[in-house]
>>> print(open('run24.txt').read())   # compact mmCIF, C-alpha atoms
# COMPACT_ATOMS: atom_id res chain seq x y z
CA MET A 2 22.98 19.44 -9.17
CA SER A 3 20.96 22.07 -7.31
CA ALA A 4 17.26 22.52 -7.98
CA PRO A 5 16.15 25.50 -10.08
CA THR A 6 14.65 28.55 -8.43
CA GLN A 7 11.11 29.80 -8.98
CA ALA A 8 12.49 32.56 -11.20
CA GLN A 9 14.34 30.05 -13.37
CA ILE A 10 11.24 27.91 -13.72
CA LEU A 11 9.17 30.92 -14.72
CA ASP A 12 11.81 31.81 -17.31
CA ALA A 13 11.47 28.31 -18.78
CA LEU A 14 7.67 28.60 -18.84
CA LYS A 15 7.87 31.93 -20.65
CA LYS A 16 8.92 29.95 -23.72
CA ILE A 17 5.47 28.31 -23.85
CA PRO A 18 3.02 30.41 -25.90
CA ASP A 19 -0.73 30.37 -25.48
CA PRO A 20 -2.05 28.84 -28.72
CA ASP A 21 -5.00 31.24 -28.95
CA ARG A 22 -3.74 34.48 -27.44
CA ARG A 23 -0.74 36.70 -27.99
CA GLY A 24 1.82 36.07 -25.31
CA ASP A 25 3.34 33.32 -23.20
CA ILE A 26 1.66 31.56 -20.31
CA VAL A 27 3.64 33.48 -17.69
CA SER A 28 3.08 36.97 -19.10
CA LEU A 29 -0.62 36.19 -19.47
CA GLY A 30 -0.83 35.33 -15.77
CA MET A 31 -1.81 31.71 -16.36
CA VAL A 32 0.85 30.17 -14.10
CA GLN A 33 -0.41 30.05 -10.51
CA GLY A 34 0.45 28.34 -7.23
CA LEU A 35 4.06 27.58 -8.15
CA VAL A 36 5.71 25.43 -5.46
CA VAL A 37 9.38 24.36 -5.62
CA LYS A 38 10.86 22.07 -2.98
CA ASP A 39 14.03 19.97 -3.26
CA GLY A 40 13.64 19.48 -7.01
CA HIS A 41 9.90 18.79 -6.89
CA VAL A 42 7.76 21.32 -8.78
CA ALA A 43 4.00 21.88 -8.81
CA PHE A 44 1.89 24.59 -10.42
CA SER A 45 -1.44 25.19 -12.12
CA LEU A 46 -2.45 26.81 -15.40
CA GLU A 47 -5.56 28.94 -15.05
CA VAL A 48 -7.61 28.90 -18.23
CA ASP A 49 -11.09 29.83 -19.37
CA ALA A 50 -13.51 26.96 -18.74
CA LYS A 51 -14.55 26.88 -22.39
CA ARG A 52 -10.95 26.33 -23.50
CA GLY A 53 -10.17 23.67 -20.92
CA PRO A 54 -11.11 20.62 -23.03
CA VAL A 55 -8.59 21.47 -25.76
CA LEU A 56 -5.65 22.68 -23.67
CA GLU A 57 -4.28 19.37 -22.46
CA PRO A 58 -1.37 19.70 -24.99
CA LEU A 59 -0.52 23.08 -23.42
CA ARG A 60 -0.39 21.52 -19.94
CA LYS A 61 1.86 18.75 -21.20
CA ALA A 62 4.14 21.25 -22.96
CA ALA A 63 4.51 23.28 -19.76
CA GLU A 64 5.21 20.15 -17.75
CA LYS A 65 7.79 18.97 -20.28
CA ALA A 66 9.56 22.35 -20.30
CA VAL A 67 10.12 22.15 -16.55
CA GLU A 68 10.99 18.44 -16.60
CA ALA A 69 13.85 19.23 -18.99
CA MET A 70 15.54 21.53 -16.46
CA ASP A 71 18.58 20.30 -14.55
CA GLY A 72 17.84 19.42 -10.95
CA VAL A 73 14.09 18.83 -11.44
CA LEU A 74 12.98 15.48 -9.98
CA SER A 75 9.24 15.71 -10.56
CA VAL A 76 6.62 18.05 -12.04
CA THR A 77 2.90 18.23 -11.35
CA ALA A 78 1.01 20.64 -13.60
CA VAL A 79 -2.78 20.90 -13.59
CA LEU A 80 -5.35 22.84 -15.58
CA THR A 81 -7.86 24.92 -13.60
CA ALA A 82 -10.82 27.05 -14.61
CA GLN A 83 -10.74 29.38 -11.62
CA LYS A 84 -11.04 32.55 -13.68
CA ALA A 85 -14.27 31.36 -15.26
CA GLY A 86 -15.71 30.48 -11.88
CA ALA A 87 -15.89 26.79 -12.68
CA PRO A 88 -15.94 24.40 -9.70
CA ALA A 89 -13.24 22.16 -11.16
CA PRO A 90 -10.93 21.89 -14.17
CA ALA A 91 -12.48 20.94 -17.49
CA ALA A 92 -9.73 18.79 -18.86
CA ARG A 93 -11.42 16.80 -21.61
CA GLN A 94 -14.35 16.72 -23.98
CA PRO A 95 -17.73 15.72 -22.54
CA GLY A 96 -18.58 12.08 -23.21
CA THR A 97 -14.99 10.87 -23.17
CA GLY A 98 -12.85 9.34 -20.47
CA PRO A 99 -9.13 8.59 -20.33
CA ALA A 100 -7.82 7.71 -23.77
CA GLY A 101 -11.24 8.52 -25.20
CA GLY A 102 -13.14 6.01 -23.07
CA PRO A 103 -16.84 6.55 -22.25
CA ASN A 104 -18.13 8.39 -19.25
CA ALA A 105 -20.47 6.98 -16.66
CA PRO A 106 -23.97 8.47 -16.39
CA GLY A 107 -24.01 12.05 -15.17
CA GLY A 108 -20.63 12.86 -16.70
CA LYS A 109 -18.66 10.59 -14.36
CA MET A 110 -15.71 9.15 -16.21
CA LEU A 111 -14.83 5.46 -16.19
CA VAL A 112 -11.67 3.93 -14.75
CA PRO A 113 -11.50 0.49 -16.32
CA GLY A 114 -11.05 -2.46 -13.99
CA VAL A 115 -12.26 -0.81 -10.76
CA ARG A 116 -15.42 -2.60 -9.62
CA SER A 117 -16.36 -0.41 -6.66
CA ILE A 118 -15.21 2.74 -4.89
CA VAL A 119 -15.81 3.46 -1.21
CA ALA A 120 -15.03 6.80 0.44
CA VAL A 121 -13.86 6.95 4.04
CA ALA A 122 -14.82 10.38 5.33
CA SER A 123 -15.22 12.47 8.46
CA GLY A 124 -16.97 15.71 9.23
CA LYS A 125 -13.84 17.05 10.94
CA GLY A 126 -10.15 16.29 11.30
CA GLY A 127 -8.52 14.51 14.22
CA VAL A 128 -10.93 11.59 14.51
CA GLY A 129 -8.58 8.95 13.05
CA LYS A 130 -10.07 8.81 9.56
CA SER A 131 -6.83 7.97 7.76
CA THR A 132 -5.87 5.30 10.31
CA THR A 133 -9.31 3.79 9.87
CA ALA A 134 -9.07 3.92 6.07
CA THR A 135 -5.67 2.22 6.12
CA ASN A 136 -6.77 -0.61 8.40
CA LEU A 137 -10.03 -1.03 6.50
CA ALA A 138 -8.06 -1.42 3.26
CA ALA A 139 -5.69 -3.90 4.93
CA ALA A 140 -8.65 -5.86 6.29
CA LEU A 141 -10.28 -6.00 2.85
CA ALA A 142 -6.98 -7.24 1.38
CA ARG A 143 -6.82 -9.97 4.02
CA LYS A 144 -10.21 -11.15 2.76
CA GLY A 145 -8.50 -11.90 -0.55
CA LEU A 146 -9.88 -8.88 -2.38
CA LYS A 147 -7.90 -6.78 -4.87
CA VAL A 148 -7.65 -3.44 -3.07
CA GLY A 149 -6.49 0.04 -4.01
CA MET A 150 -6.05 3.16 -1.90
CA LEU A 151 -6.45 6.69 -3.26
CA ASP A 152 -5.13 9.27 -0.82
CA ALA A 153 -7.42 12.17 -1.72
CA ASP A 154 -6.19 14.36 1.14
CA ILE A 155 -3.96 16.59 -0.98
CA TYR A 156 -3.16 19.00 1.86
CA GLY A 157 -2.21 16.30 4.36
CA PRO A 158 -1.37 13.03 2.59
CA SER A 159 -0.63 10.33 5.15
CA GLN A 160 -1.01 7.02 3.31
CA PRO A 161 2.66 6.69 2.26
CA ARG A 162 3.69 6.76 5.92
CA MET A 163 0.82 4.60 7.17
CA LEU A 164 1.35 1.96 4.49
CA GLY A 165 5.12 2.04 4.94
CA ILE A 166 5.80 3.05 1.32
CA SER A 167 8.60 5.36 0.21
CA GLY A 168 10.04 6.38 -3.13
CA ARG A 169 8.39 7.52 -6.33
CA PRO A 170 6.05 5.71 -8.74
CA ASN A 171 7.53 4.37 -11.97
CA SER A 172 6.23 5.25 -15.41
CA PRO A 173 7.11 2.57 -17.97
CA ASP A 174 5.72 4.56 -20.90
CA GLY A 175 6.40 8.07 -19.61
CA LYS A 176 2.66 8.77 -19.47
CA THR A 177 1.03 6.44 -16.97
CA LEU A 178 2.19 5.91 -13.39
CA THR A 179 2.39 2.49 -11.78
CA PRO A 180 0.83 2.72 -8.31
CA MET A 181 3.03 2.02 -5.31
CA GLN A 182 2.17 -1.14 -3.40
CA ASN A 183 2.51 -2.75 0.03
CA TYR A 184 0.55 -5.32 2.03
CA GLY A 185 -1.40 -6.21 -1.13
CA ILE A 186 -2.73 -2.65 -1.47
CA LYS A 187 -2.10 -0.48 -4.53
CA CYS A 188 -1.73 3.15 -3.51
CA MET A 189 -1.47 6.58 -5.11
CA SER A 190 -0.89 9.74 -3.09
CA MET A 191 0.41 13.25 -3.52
CA GLY A 192 2.84 12.21 -0.78
CA PHE A 193 4.76 10.19 -3.39
CA LEU A 194 5.13 13.22 -5.67
CA VAL A 195 5.89 16.04 -3.22
CA PRO A 196 8.19 15.94 -0.16
CA GLU A 197 6.41 15.29 3.14
CA ASP A 198 7.17 18.73 4.61
CA THR A 199 6.05 20.71 1.54
CA PRO A 200 2.81 22.66 2.13
CA MET A 201 0.28 22.47 -0.69
CA ILE A 202 -0.98 26.06 -0.93
CA TRP A 203 -3.59 25.30 -3.55
CA ARG A 204 -7.17 26.38 -4.16
CA GLY A 205 -10.02 23.93 -4.70
CA PRO A 206 -9.79 23.70 -8.51
CA MET A 207 -6.06 22.99 -8.29
CA VAL A 208 -6.70 20.18 -5.82
CA MET A 209 -9.30 18.63 -8.09
CA GLY A 210 -6.90 18.83 -11.03
CA ALA A 211 -4.22 17.01 -9.04
CA LEU A 212 -6.70 14.30 -8.05
CA GLU A 213 -7.70 13.95 -11.68
CA GLN A 214 -4.10 13.29 -12.65
CA MET A 215 -3.66 10.70 -9.90
CA LEU A 216 -6.68 8.86 -11.31
CA ARG A 217 -6.35 9.43 -15.04
CA ASP A 218 -2.64 8.76 -15.26
CA VAL A 219 -2.42 5.74 -12.92
CA ALA A 220 -2.57 2.11 -14.08
CA TRP A 221 -4.84 0.78 -11.31
CA GLY A 222 -5.45 -2.53 -13.06
CA ASP A 223 -8.24 -4.82 -11.85
CA LEU A 224 -9.52 -3.90 -8.39
CA ASP A 225 -12.46 -5.23 -6.41
CA ILE A 226 -12.54 -2.07 -4.33
CA LEU A 227 -10.79 1.28 -4.31
CA VAL A 228 -10.78 2.91 -0.87
CA VAL A 229 -10.66 6.71 -1.01
CA ASP A 230 -9.17 8.43 2.05
CA MET A 231 -11.17 11.66 1.76
CA PRO A 232 -10.07 15.05 3.08
CA PRO A 233 -11.72 15.91 6.41
CA GLY A 234 -14.72 18.23 6.45
CA THR A 235 -17.42 19.10 3.92
CA GLY A 236 -15.79 21.72 1.71
CA ASP A 237 -15.54 22.18 -2.03
CA ALA A 238 -13.13 19.28 -2.63
CA GLN A 239 -15.30 16.83 -0.70
CA LEU A 240 -18.50 17.96 -2.40
CA THR A 241 -16.97 17.81 -5.87
CA MET A 242 -15.53 14.34 -5.22
CA SER A 243 -18.92 13.16 -4.04
CA GLN A 244 -20.70 14.58 -7.07
CA ARG A 245 -18.21 13.46 -9.71
CA VAL A 246 -17.01 10.10 -8.42
CA PRO A 247 -19.50 7.22 -8.82
CA LEU A 248 -19.16 5.98 -5.26
CA ALA A 249 -20.57 2.62 -4.20
CA GLY A 250 -20.91 4.20 -0.77
CA ALA A 251 -19.32 6.21 2.01
CA VAL A 252 -18.14 5.25 5.48
CA ILE A 253 -18.31 7.97 8.14
CA VAL A 254 -15.71 7.97 10.93
CA SER A 255 -16.42 9.79 14.20
CA THR A 256 -15.45 9.78 17.85
CA PRO A 257 -18.24 9.42 20.46
CA GLN A 258 -18.18 13.03 21.65
CA ASP A 259 -21.05 15.35 20.77
CA ILE A 260 -19.02 17.91 18.80
CA ALA A 261 -17.53 15.19 16.56
CA LEU A 262 -20.96 13.64 16.01
CA LEU A 263 -22.34 17.02 14.99
CA ASP A 264 -19.72 17.26 12.25
CA ALA A 265 -20.20 13.61 11.31
CA ARG A 266 -23.90 14.35 10.80
CA LYS A 267 -22.96 17.15 8.39
CA GLY A 268 -20.74 14.80 6.41
CA LEU A 269 -23.45 12.15 6.27
CA ASN A 270 -26.04 14.66 5.09
CA MET A 271 -23.66 15.90 2.39
CA PHE A 272 -23.44 12.41 0.91
CA ARG A 273 -27.20 11.99 1.09
CA LYS A 274 -27.77 15.25 -0.77
CA VAL A 275 -25.64 14.05 -3.68
CA ASP A 276 -27.24 10.58 -3.66
CA VAL A 277 -24.23 8.67 -2.36
CA PRO A 278 -25.25 5.71 -0.16
CA VAL A 279 -23.92 5.89 3.39
CA LEU A 280 -22.68 2.41 4.29
CA GLY A 281 -22.52 3.22 7.98
CA ILE A 282 -20.74 4.95 10.86
CA ILE A 283 -17.63 3.80 12.73
CA GLU A 284 -17.01 4.94 16.29
CA ASN A 285 -13.25 5.47 16.58
CA MET A 286 -11.47 6.07 19.91
CA SER A 287 -14.58 4.51 21.40
CA TYR A 288 -13.00 3.73 24.76
CA HIS A 289 -9.59 3.30 26.39
CA VAL A 290 -8.32 0.35 28.40
CA CYS A 291 -5.20 0.96 30.50
CA THR A 292 -2.37 -1.33 29.37
CA ASN A 293 -1.10 -1.60 32.97
CA CYS A 294 -4.18 -2.16 35.12
CA GLY A 295 -6.89 -2.98 32.59
CA HIS A 296 -9.17 -0.21 33.83
CA ARG A 297 -11.53 1.08 31.13
CA GLU A 298 -12.20 4.79 30.63
CA ASP A 299 -14.59 6.38 28.14
CA ILE A 300 -12.39 9.38 27.46
CA PHE A 301 -14.59 10.82 24.72
CA GLY A 302 -17.79 9.23 25.97
CA HIS A 303 -19.07 5.98 24.49
CA GLY A 304 -21.87 4.81 22.22
CA GLY A 305 -22.58 8.20 20.68
CA ALA A 306 -21.93 7.01 17.14
CA ARG A 307 -24.18 3.96 17.59
CA ARG A 308 -27.01 6.17 18.83
CA GLU A 309 -26.43 8.62 15.99
CA ALA A 310 -26.53 5.80 13.44
CA GLU A 311 -29.85 4.57 14.84
CA LYS A 312 -31.23 8.11 14.82
CA LEU A 313 -30.18 8.71 11.21
CA GLY A 314 -31.24 5.29 9.96
CA VAL A 315 -27.82 3.99 8.87
CA ASP A 316 -25.81 0.95 9.90
CA PHE A 317 -23.45 1.06 12.85
CA LEU A 318 -20.33 -0.65 11.52
CA GLY A 319 -18.44 -1.07 14.78
CA GLU A 320 -16.26 0.54 17.40
CA VAL A 321 -12.48 0.77 17.64
CA PRO A 322 -10.74 1.62 20.93
CA LEU A 323 -8.23 4.36 21.63
CA HIS A 324 -5.09 2.29 22.04
CA ILE A 325 -1.38 3.03 21.80
CA ALA A 326 -0.74 -0.03 19.63
CA ILE A 327 -3.01 1.30 16.88
CA ARG A 328 -1.18 4.62 16.93
CA GLU A 329 2.29 3.07 17.05
CA THR A 330 1.67 0.64 14.21
CA SER A 331 0.20 3.39 12.03
CA ASP A 332 3.19 5.67 12.63
CA ALA A 333 5.54 2.77 11.90
CA GLY A 334 3.90 1.97 8.57
CA THR A 335 2.68 -1.45 9.67
CA PRO A 336 -1.08 -1.16 10.30
CA ILE A 337 -2.41 -3.13 13.27
CA VAL A 338 -4.31 -5.43 10.88
CA VAL A 339 -0.96 -6.34 9.32
CA ARG A 340 1.17 -6.37 12.49
CA GLU A 341 -1.25 -8.27 14.75
CA PRO A 342 -3.90 -9.82 12.47
CA ASP A 343 -5.20 -12.13 15.20
CA GLY A 344 -5.36 -9.44 17.89
CA ALA A 345 -8.55 -7.88 19.21
CA HIS A 346 -7.98 -4.54 17.47
CA ALA A 347 -7.39 -6.14 14.08
CA GLN A 348 -10.48 -8.26 14.57
CA ALA A 349 -12.52 -5.09 15.08
CA TYR A 350 -11.36 -3.76 11.71
CA LEU A 351 -11.90 -7.14 10.03
CA ALA A 352 -15.48 -7.23 11.30
CA ILE A 353 -16.06 -3.73 9.90
CA ALA A 354 -14.55 -4.80 6.56
CA ASP A 355 -16.93 -7.77 6.43
CA LYS A 356 -19.93 -5.47 6.85
CA VAL A 357 -18.68 -2.94 4.30
CA TRP A 358 -17.89 -5.51 1.64
CA ALA A 359 -21.17 -7.40 2.19
CA THR A 360 -23.11 -4.20 1.47
CA VAL A 361 -20.96 -3.27 -1.53
CA GLU A 362 -21.15 -6.79 -2.96
CA LYS A 363 -24.93 -6.77 -2.58
CA GLY A 364 -25.05 -3.52 -4.53
CA LEU A 365 -22.83 -4.95 -7.25
CA ALA A 366 -25.04 -8.01 -7.55
CA ALA A 367 -28.15 -5.84 -7.75
CA GLY A 368 -26.57 -3.61 -10.36
CA SER A 369 -26.93 -0.39 -8.35
CA ALA A 370 -23.17 -0.11 -8.09
CA ALA A 371 -22.32 -2.18 -11.12
CA GLY A 372 -18.97 -1.19 -12.51
CA PRO A 373 -18.56 2.11 -10.66
CA ARG A 374 -15.56 4.06 -11.83
CA ILE A 375 -13.78 7.18 -10.63
CA VAL A 376 -13.43 10.44 -12.49
CA ILE A 377 -12.98 14.08 -11.69
CA GLN A 378 -13.46 16.36 -14.68
>>> encode(input="run24.txt", output="structure tokens")
Amino acid sequence: MSAPTQAQILDALKKIPDPDRRGDIVSLGMVQGLVVKDGHVAFSLEVDAKRGPVLEPLRKAAEKAVEAMDGVLSVTAVLTAQKAGAPAPAARQPGTGPAGGPNAPGGKMLVPGVRSIVAVASGKGGVGKSTTATNLAAALARKGLKVGMLDADIYGPSQPRMLGISGRPNSPDGKTLTPMQNYGIKCMSMGFLVPEDTPMIWRGPMVMGALEQMLRDVAWGDLDILVVDMPPGTGDAQLTMSQRVPLAGAVIVSTPQDIALLDARKGLNMFRKVDVPVLGIIENMSYHVCTNCGHREDIFGHGGARREAEKLGVDFLGEVPLHIAIRETSDAGTPIVVREPDGAHAQAYLAIADKVWATVEKGLAAGSAAGPRIVIQ
């Protein structure tokens, strides 16, 4: 059975009327960002911010109309408030969380069972943030902790490949997704819902709506720590995540070179401005040791992240070398911490995990991070 075309999907959506205005959601220009790839469909519904809290039934009706079409394998529909100039979708009434649960202070919604959330971020792309996040999560799991991974990089999701997970999440009740799992890590990523080669041509509010669904509609269960692989940079998505997710802290990943440290400083300052504790800086690709002769080269310089951490008054969490084994194991879906847990590279990640968890656990004990939960409204 071949997948429907964009025109056919729009025809199906024309049968969904706006409950408050004359006309259907297509004719009214509410359907935006429609992407169709190999049976996987994604789109947003642009609505006025004031109507957002009561239009969840409309989103579900649109999603259901497309799901019923022959050849459709998955549908992701999100509400956005772009036309009203809102920074993110308003998908529910203030003071309520999923299924009517309470919000955390400041309008941050609760995700029951998640004790702490740590963001792994970078000021720029290409510094090995996702590889670091994956191995950090694996190291935390090896400590015996209950670990989750939220792949918040909607435009470039990489956790399915790095964690060696394929397929689609199950939904026992048709409403809530069961997170995928490998190496003791529960994971949710847009990469499970959309084919790997499909570009996500979405604006900021659409991205936030998709992240909301991956949080709100996922049965995370009891977790000691949820690692969030953040998008690179300091744009709207990163700022909104930082402001609306009650983070226990953030880990900054950088290479030693000056230009990377400049961007890392921007990322660190962003977290500080929104009162998110910075747990420390990791220097990735810190040095290279030739596998043939053992000669060491500081390809990107060395020690820059340590000096930057001292200058900014944050902890230096450790350094990880530039090594082919780390790259190969990540590409193969078997992180170095899993493949060679007793090796020197894995030990570097395990030492970083010890420092991160010690700081988070101290915050939990003190109550400053007690029961943090994720939400994006």
>>> residues_around(input="run24.txt", residues="Ala134 of chain A", least_positions_apart="6", cutoff="9 Å", atoms="only C-alpha atoms", output="ChimeraX atom specification")
/A:120-122,150,228-230
>>> closest_atom_pairs(input="run24.txt", of="segment 119-201 of chain A", to="segment 206-211 of chain A", cutoff="10 Å", atoms="only C-alpha atoms", output="Markdown table")
| residue | atom | partner | partner_atom | distance |
| --- | --- | --- | --- | --- |
| A:Ala153 | CA | A:Val208 | CA | 9.0 |
| A:Asp154 | CA | A:Val208 | CA | 9.1 |
| A:Ile155 | CA | A:Val208 | CA | 6.6 |
| A:Tyr156 | CA | A:Val208 | CA | 8.5 |
| A:Ser190 | CA | A:Ala211 | CA | 10.0 |
| A:Met191 | CA | A:Ala211 | CA | 8.1 |
| A:Met201 | CA | A:Val208 | CA | 9.0 |
>>> residues_around(input="run24.txt", residues="segment 270-283 of chain A", least_positions_apart="6", cutoff="7 Å", atoms="all atoms listed in the file", output="list in words")
Ser243, Gln244, Leu248, Ala249, Gly250, Ala251, Val252, Ile253, Val254, Ser255, Ala306, Ala310, Val315, Asp316, Phe317, Leu318, Gly319, Glu320 and Val357 of chain A
>>> closest_residue(input="run24.txt", among="A:Ala326, A:Val128, A:Ala138, A:Pro336", to="Gly234 of chain A", atoms="all atoms listed in the file")
A:Val128
>>> residues_around(input="run24.txt", residues="Asp355 of chain A", least_positions_apart="5", cutoff="9 Å", atoms="all atoms listed in the file", output="list in words")
Ala140, Leu141, Lys144, Tyr350 and Thr360 of chain A
>>> write_last_selection(input="run24.txt", atoms="C-alpha atoms", output="PDB file, in the coordinates of the input")
ATOM      1  CA  ALA A 140      -8.650  -5.860   6.290  1.00  0.00           C
ATOM      2  CA  LEU A 141     -10.280  -6.000   2.850  1.00  0.00           C
ATOM      3  CA  LYS A 144     -10.210 -11.150   2.760  1.00  0.00           C
ATOM      4  CA  TYR A 350     -11.360  -3.760  11.710  1.00  0.00           C
ATOM      5  CA  THR A 360     -23.110  -4.200   1.470  1.00  0.00           C
TER       6      THR A 360
END
>>> decode(input="run24.txt", residues="segment 114-170 of chain A", atoms="C-alpha atoms", output="mmCIF file, in the first residue's frame")
data_model
loop_
_atom_site.group_PDB
_atom_site.id
_atom_site.type_symbol
_atom_site.label_atom_id
_atom_site.label_comp_id
_atom_site.auth_asym_id
_atom_site.auth_seq_id
_atom_site.Cartn_x
_atom_site.Cartn_y
_atom_site.Cartn_z
ATOM 1 C CA GLY A 114 8.677 9.538 38.662
ATOM 2 C CA VAL A 115 11.587 11.560 37.238
ATOM 3 C CA ARG A 116 13.830 12.622 40.135
ATOM 4 C CA SER A 117 16.290 14.821 38.247
ATOM 5 C CA ILE A 118 16.919 16.166 34.759
ATOM 6 C CA VAL A 119 20.351 17.106 33.417
ATOM 7 C CA ALA A 120 20.904 18.849 30.084
ATOM 8 C CA VAL A 121 23.990 18.113 28.011
ATOM 9 C CA ALA A 122 24.583 21.183 25.859
ATOM 10 C CA SER A 123 27.109 22.915 23.638
ATOM 11 C CA GLY A 124 27.432 26.420 22.309
ATOM 12 C CA LYS A 125 28.001 25.078 18.787
ATOM 13 C CA GLY A 126 27.677 21.886 16.783
ATOM 14 C CA GLY A 127 30.490 19.486 15.958
ATOM 15 C CA VAL A 128 32.034 19.215 19.418
ATOM 16 C CA GLY A 129 30.767 15.691 20.177
ATOM 17 C CA LYS A 130 27.856 16.665 22.419
ATOM 18 C CA SER A 131 25.619 13.730 21.491
ATOM 19 C CA THR A 132 28.455 11.209 21.829
ATOM 20 C CA THR A 133 29.203 12.663 25.243
ATOM 21 C CA ALA A 134 25.537 12.562 26.275
ATOM 22 C CA THR A 135 25.227 8.922 25.207
ATOM 23 C CA ASN A 136 28.319 7.778 27.082
ATOM 24 C CA LEU A 137 27.384 9.843 30.127
ATOM 25 C CA ALA A 138 23.972 8.139 30.202
ATOM 26 C CA ALA A 139 25.608 4.722 29.793
ATOM 27 C CA ALA A 140 28.055 5.511 32.596
ATOM 28 C CA LEU A 141 25.228 6.587 34.904
ATOM 29 C CA ALA A 142 23.385 3.346 34.103
ATOM 30 C CA ARG A 143 26.508 1.355 34.972
ATOM 31 C CA LYS A 144 26.391 2.991 38.401
ATOM 32 C CA GLY A 145 23.067 1.223 38.912
ATOM 33 C CA LEU A 146 20.913 4.297 38.367
ATOM 34 C CA LYS A 147 17.605 4.305 36.495
ATOM 35 C CA VAL A 148 18.419 6.432 33.447
ATOM 36 C CA GLY A 149 16.405 7.990 30.640
ATOM 37 C CA MET A 150 17.530 9.830 27.511
ATOM 38 C CA LEU A 151 15.472 12.543 25.830
ATOM 39 C CA ASP A 152 16.831 13.373 22.389
ATOM 40 C CA ALA A 153 15.802 17.030 22.203
ATOM 41 C CA ASP A 154 17.667 17.659 18.948
ATOM 42 C CA ILE A 155 14.610 17.572 16.691
ATOM 43 C CA TYR A 156 16.509 18.670 13.579
ATOM 44 C CA GLY A 157 19.308 16.125 13.956
ATOM 45 C CA PRO A 158 18.251 13.256 16.237
ATOM 46 C CA SER A 159 21.155 10.862 16.735
ATOM 47 C CA GLN A 160 20.328 8.855 19.857
ATOM 48 C CA PRO A 161 18.568 5.958 18.050
ATOM 49 C CA ARG A 162 21.762 5.280 16.101
ATOM 50 C CA MET A 163 24.130 5.872 19.014
ATOM 51 C CA LEU A 164 22.138 3.659 21.377
ATOM 52 C CA GLY A 165 21.671 0.984 18.724
ATOM 53 C CA ILE A 166 17.857 1.180 18.808
ATOM 54 C CA SER A 167 15.602 0.739 15.791
ATOM 55 C CA GLY A 168 11.872 0.390 15.283
ATOM 56 C CA ARG A 169 8.959 2.361 16.653
ATOM 57 C CA PRO A 170 7.672 2.798 20.217
#
